[in-house]
Amino acid sequence: MSSKQKIKEELFAIVIGALILCFYALNNKFPLLFEKSGNFIDNGFSEKKHTTGESLYSFFVAHASWGKSLWFVVYSQSVLLILVLYYYFHFFIENHRSRLIYYYGYIFFISFLMSASIAASTISPIIFGSTSLLSIGLLFFVKHLNFERTLIISVIAIVSSAMDTATILTMALIFVASPVIYLFIKGEQRVNWRTLFSRFAIVGMFSIALFLSVNKVTGKSETGFQWNNWHAGLRNLTVEFKSISIPKFKKPTVEGPAITAVENWFTSDIRECYLSKQIAGAETFDMIRMSQWMVLLLTTCACIYLLIKTKFHNNLILYLLASLLLTFIVRSGVSGKLEDGLWGFVWILPLPLFLFPVLPNHNLNEK
Amino acid sequence: MKSKIKSIFKQIGYPNFGGVLVSTVVLLTIAFYNTSPLTFNADSAMYIESAHRRVIEPDRPILYGLFIKYFSFNTSLWLVIIAQSLIVSFVLQCYFNSFGPENNGRYSAQKKSNVFLIVFCVLVSLCMGASFQVSWIMADIFTPISILLMGGILFFKNISPLKLGVLSIMLIFSASMHNSNFYICLSLIVIIAFTFLFKSIRKQYSLLGFTFKRILLAFLLLVLSNVTLSTIQFFYGGEFKSSRGGVVFLMGNIVEMGIIDQYLNDQCGKKNYELCNYKDSIPNNFLWDARSPIHKTGGWKGSEKEYSVIIKDILTTPKYLKTFVFSSAVLTLKQFFVFETGEADKPWRRVSLAVRNYYDNDFDSFITSKQSKQKLNFTSINFLQNVVFALCLFIYIIALSSTSNVVETRYKLLAIYMILSIVINAWICGTFSGVFPRYQSRVVWLMPLPIFLFVMARWPVKSANNSR
């Protein structure tokens, strides 16, 4: 197959993959909304720094929408995520044909049996949490990155990490814990520590700088994170555990911030918004909620089995489990709200299983 | 006993009979479960009434009403859905025979086709919306039938003149059952005809025995279908016109797109439209809301003239046209992914009255049905349908992007035809009527068909000696 043909197929894979990730927005007839989605829209267009820690996401909404339609926002956030996911398959699977099969398989799997599509279809920064974890994972595991790819992955990592407080804190914790994680990484996948340090230094520095420059950081914030009372949030651990389950997408109230913001800033979208399933109160995720729990249970068992069988050599599983644990801890402290919870992240867990059949060091007999 | 039955089937020269019968029953599963044929809002009543009262409704053709009237023998609505199920089974079986292995009268090959047909019907009935569509007193089932018939006319190899004749007559009528069918089929023909311009594609077609003559035949049949419907409508007191209500439907969608607000704000000072009087109170559900201006500006028929002018102006002004094209693309995508089945809420009073007036025998079972008691739940079927849809789309992408010869061109072509017809259905319905789940759920169950046919062709057939 010619390289031109390959590029065409790759572009097609990204465009279609992003579209599949928007399934639940399209199926709902409008992007999914939480009440606080309205705050993001309003803040983005009013161009003021806010203390909520989510100003970058607000700017993203304002710019990615082109001031015209929220459809551009959900598609843009899906494209960023899909790009990172595609890189996983690109770097881990050599054969072009198998790569596409596993890639599409994974995208359909997480979109129709897990919550990835719901997270990508919502006007909320939650999707950037997983984009950040995955892009940092790439910096961890991909040894030979050329300049363009390093740039693309780093920019995505910087932007997605700075989207909200919980994500930037998780990123910081991953970087702090990286020497420990690095010790566990063995085999060919191990990146030179100097390279890793420089990658993390650049991404860490820029994302923190970006976060601080767009947000107004004070002792107390309007919502969620409180700098001097963070430990109190740990009480929310039980709430966070419940948040693995996909939350109820309630019908936004007509006078509420979500509808008002759409009405104010996306006049031509408002009729579409009123005709959505969510507004009609017909949006239920009962079955996918159940399917996510089942898949999660099976995936966790499979991951643990692989970890034991491969004697901790499956670095990606270890990294994803560690990063999910850190996310769990940080989000309990920062938010404790079901809608910001782990439901938007857990779909990354099956990723190693889709890469596993072709991972170079998956020798099950190795003890 | 078994061999006797086999020989009887062979003697009557139609060993497919059993397969069609079983799949007819399977496709009626939802109706059996409901204990009565399913109905929809006021629409089912409108179809029933239109034929019995000889009234041409402003928004739909009369043909499906006549189908109900004559196939029910004025006795029972069950006969209507049995006829629908038989038609679907027959057409599907034509596919399983045509795309299956050369049977040469071998019983085992025939048996294989029948088994695959039945398994396919079980899958699309229990995990998708096929059974619901078949069991519904709605013209929607004739959309997949039209798509299948046209596909058959275009792609069946070595089709006998008798079979071609039967399929052609069926296409003429099924394309006239619903406003959208004609446009869907026409768009398909135009796109396929366009591909004949490319030499490489033409070469592939000729290898498959697919000629331009078939396109011409399909086009001719569509013209005939239009003329037939116009004649029937004229005969029943209407105008010599086939498509009805198109302008009003499009207007309703222009309202949903949000274009009308902008247009009226810009134009009401300059032009004297009656709609301007209501520009601040246009409801989202423009067509069916009781407060809609359509009821105050002359109804469906009376408003058509003004709406035509407005639509023409919108579609010829770049400013609005740009929004229209963008909205049309979004609506097509939305409609493509909105395909929940099971729009069977508690029957409206008008439907109950129509059943009581015209099908009194059915009334008791209708009133005590699960639908009437609101005990139908399609959550599981819809979830399964999502999964099957995802799986089919995955297989399509992988198979169609593959350059290897594992999947023969014939099956690839059929897969492209199916996906194309589903996209066109989404575009026509989404853009010209609105995004509603029933529009897509009527065709989405066609997706597994090419996959089934491919698997069947690969499935080993027992040799003639073994099968005896």
# chains A, B, ... in the order shown; residues from 1 in each chain; ligands from 1
call {"tool": "residues_around", "arguments": {"residues": "Leu208 in chain B", "least_positions_apart": "5", "cutoff": "10 Å", "atoms": "only C-alpha atoms", "output": "list in words"}}
result
Phe155, Phe156, Lys157, Arg202, Lys203, Thr409, Arg410 and Leu413 of chain B
call {"tool": "residues_around", "arguments": {"residues": "Pro257 in chain A", "least_positions_apart": "4", "cutoff": "9 Å", "atoms": "only C-alpha atoms", "output": "PyMOL selection string"}}
result
chain A and resi 35-39+42+252-253+261-262
call {"tool": "write_last_selection", "arguments": {"atoms": "N, CA and C atoms", "output": "PDB file, in the first residue's frame"}}
result
ATOM      1  N   GLU A  35     -26.189  21.433  33.941  1.00  0.00           N
ATOM      2  CA  GLU A  35     -26.556  22.831  34.209  1.00  0.00           C
ATOM      3  C   GLU A  35     -25.319  23.720  34.122  1.00  0.00           C
ATOM      4  N   LYS A  36     -24.175  23.180  34.643  1.00  0.00           N
ATOM      5  CA  LYS A  36     -22.993  24.047  34.659  1.00  0.00           C
ATOM      6  C   LYS A  36     -22.358  24.228  33.272  1.00  0.00           C
ATOM      7  N   SER A  37     -22.839  23.478  32.277  1.00  0.00           N
ATOM      8  CA  SER A  37     -22.357  23.719  30.908  1.00  0.00           C
ATOM      9  C   SER A  37     -22.635  25.173  30.530  1.00  0.00           C
ATOM     10  N   GLY A  38     -23.745  25.685  31.055  1.00  0.00           N
ATOM     11  CA  GLY A  38     -24.122  27.076  30.783  1.00  0.00           C
ATOM     12  C   GLY A  38     -23.060  28.039  31.284  1.00  0.00           C
ATOM     13  N   ASN A  39     -22.470  27.739  32.461  1.00  0.00           N
ATOM     14  CA  ASN A  39     -21.425  28.612  33.000  1.00  0.00           C
ATOM     15  C   ASN A  39     -20.211  28.636  32.073  1.00  0.00           C
ATOM     16  N   ASP A  42     -21.101  30.814  29.063  1.00  0.00           N
ATOM     17  CA  ASP A  42     -21.148  32.235  29.440  1.00  0.00           C
ATOM     18  C   ASP A  42     -19.754  32.789  29.698  1.00  0.00           C
ATOM     19  N   PRO A 252     -32.424  19.936  31.702  1.00  0.00           N
ATOM     20  CA  PRO A 252     -32.084  21.285  32.172  1.00  0.00           C
ATOM     21  C   PRO A 252     -33.337  22.151  32.284  1.00  0.00           C
ATOM     22  N   THR A 253     -33.370  22.977  33.324  1.00  0.00           N
ATOM     23  CA  THR A 253     -34.558  23.813  33.494  1.00  0.00           C
ATOM     24  C   THR A 253     -34.518  24.977  32.500  1.00  0.00           C
ATOM     25  N   ALA A 261     -27.784  30.063  28.568  1.00  0.00           N
ATOM     26  CA  ALA A 261     -26.541  30.328  27.824  1.00  0.00           C
ATOM     27  C   ALA A 261     -26.692  29.977  26.344  1.00  0.00           C
ATOM     28  N   VAL A 262     -27.333  28.849  26.065  1.00  0.00           N
ATOM     29  CA  VAL A 262     -27.528  28.479  24.649  1.00  0.00           C
ATOM     30  C   VAL A 262     -28.375  29.553  23.957  1.00  0.00           C
TER      31      VAL A 262
END
call {"tool": "interface_residues", "arguments": {"of": "chain A", "to": "chain B", "cutoff": "6 Å", "atoms": "only C-alpha atoms", "output": "count of residues only"}}
result
5
call {"tool": "atom_distance", "arguments": {"atom1": "CA of Arg149 in chain A", "atom2": "CA of Glu94 in chain A"}}
result
16.6 Å
call {"tool": "residues_around", "arguments": {"residues": "Asn181 in chain B", "least_positions_apart": "6", "cutoff": "9 Å", "atoms": "only C-alpha atoms", "output": "list in words"}}
result
Phe142, Thr143, Pro144, Ser146, Ile147, Ser174, Ala175 and Asn425 of chain B
call {"tool": "atom_distance", "arguments": {"atom1": "CA of Leu139 in chain A", "atom2": "CA of Ile317 in chain A"}}
result
15.1 Å
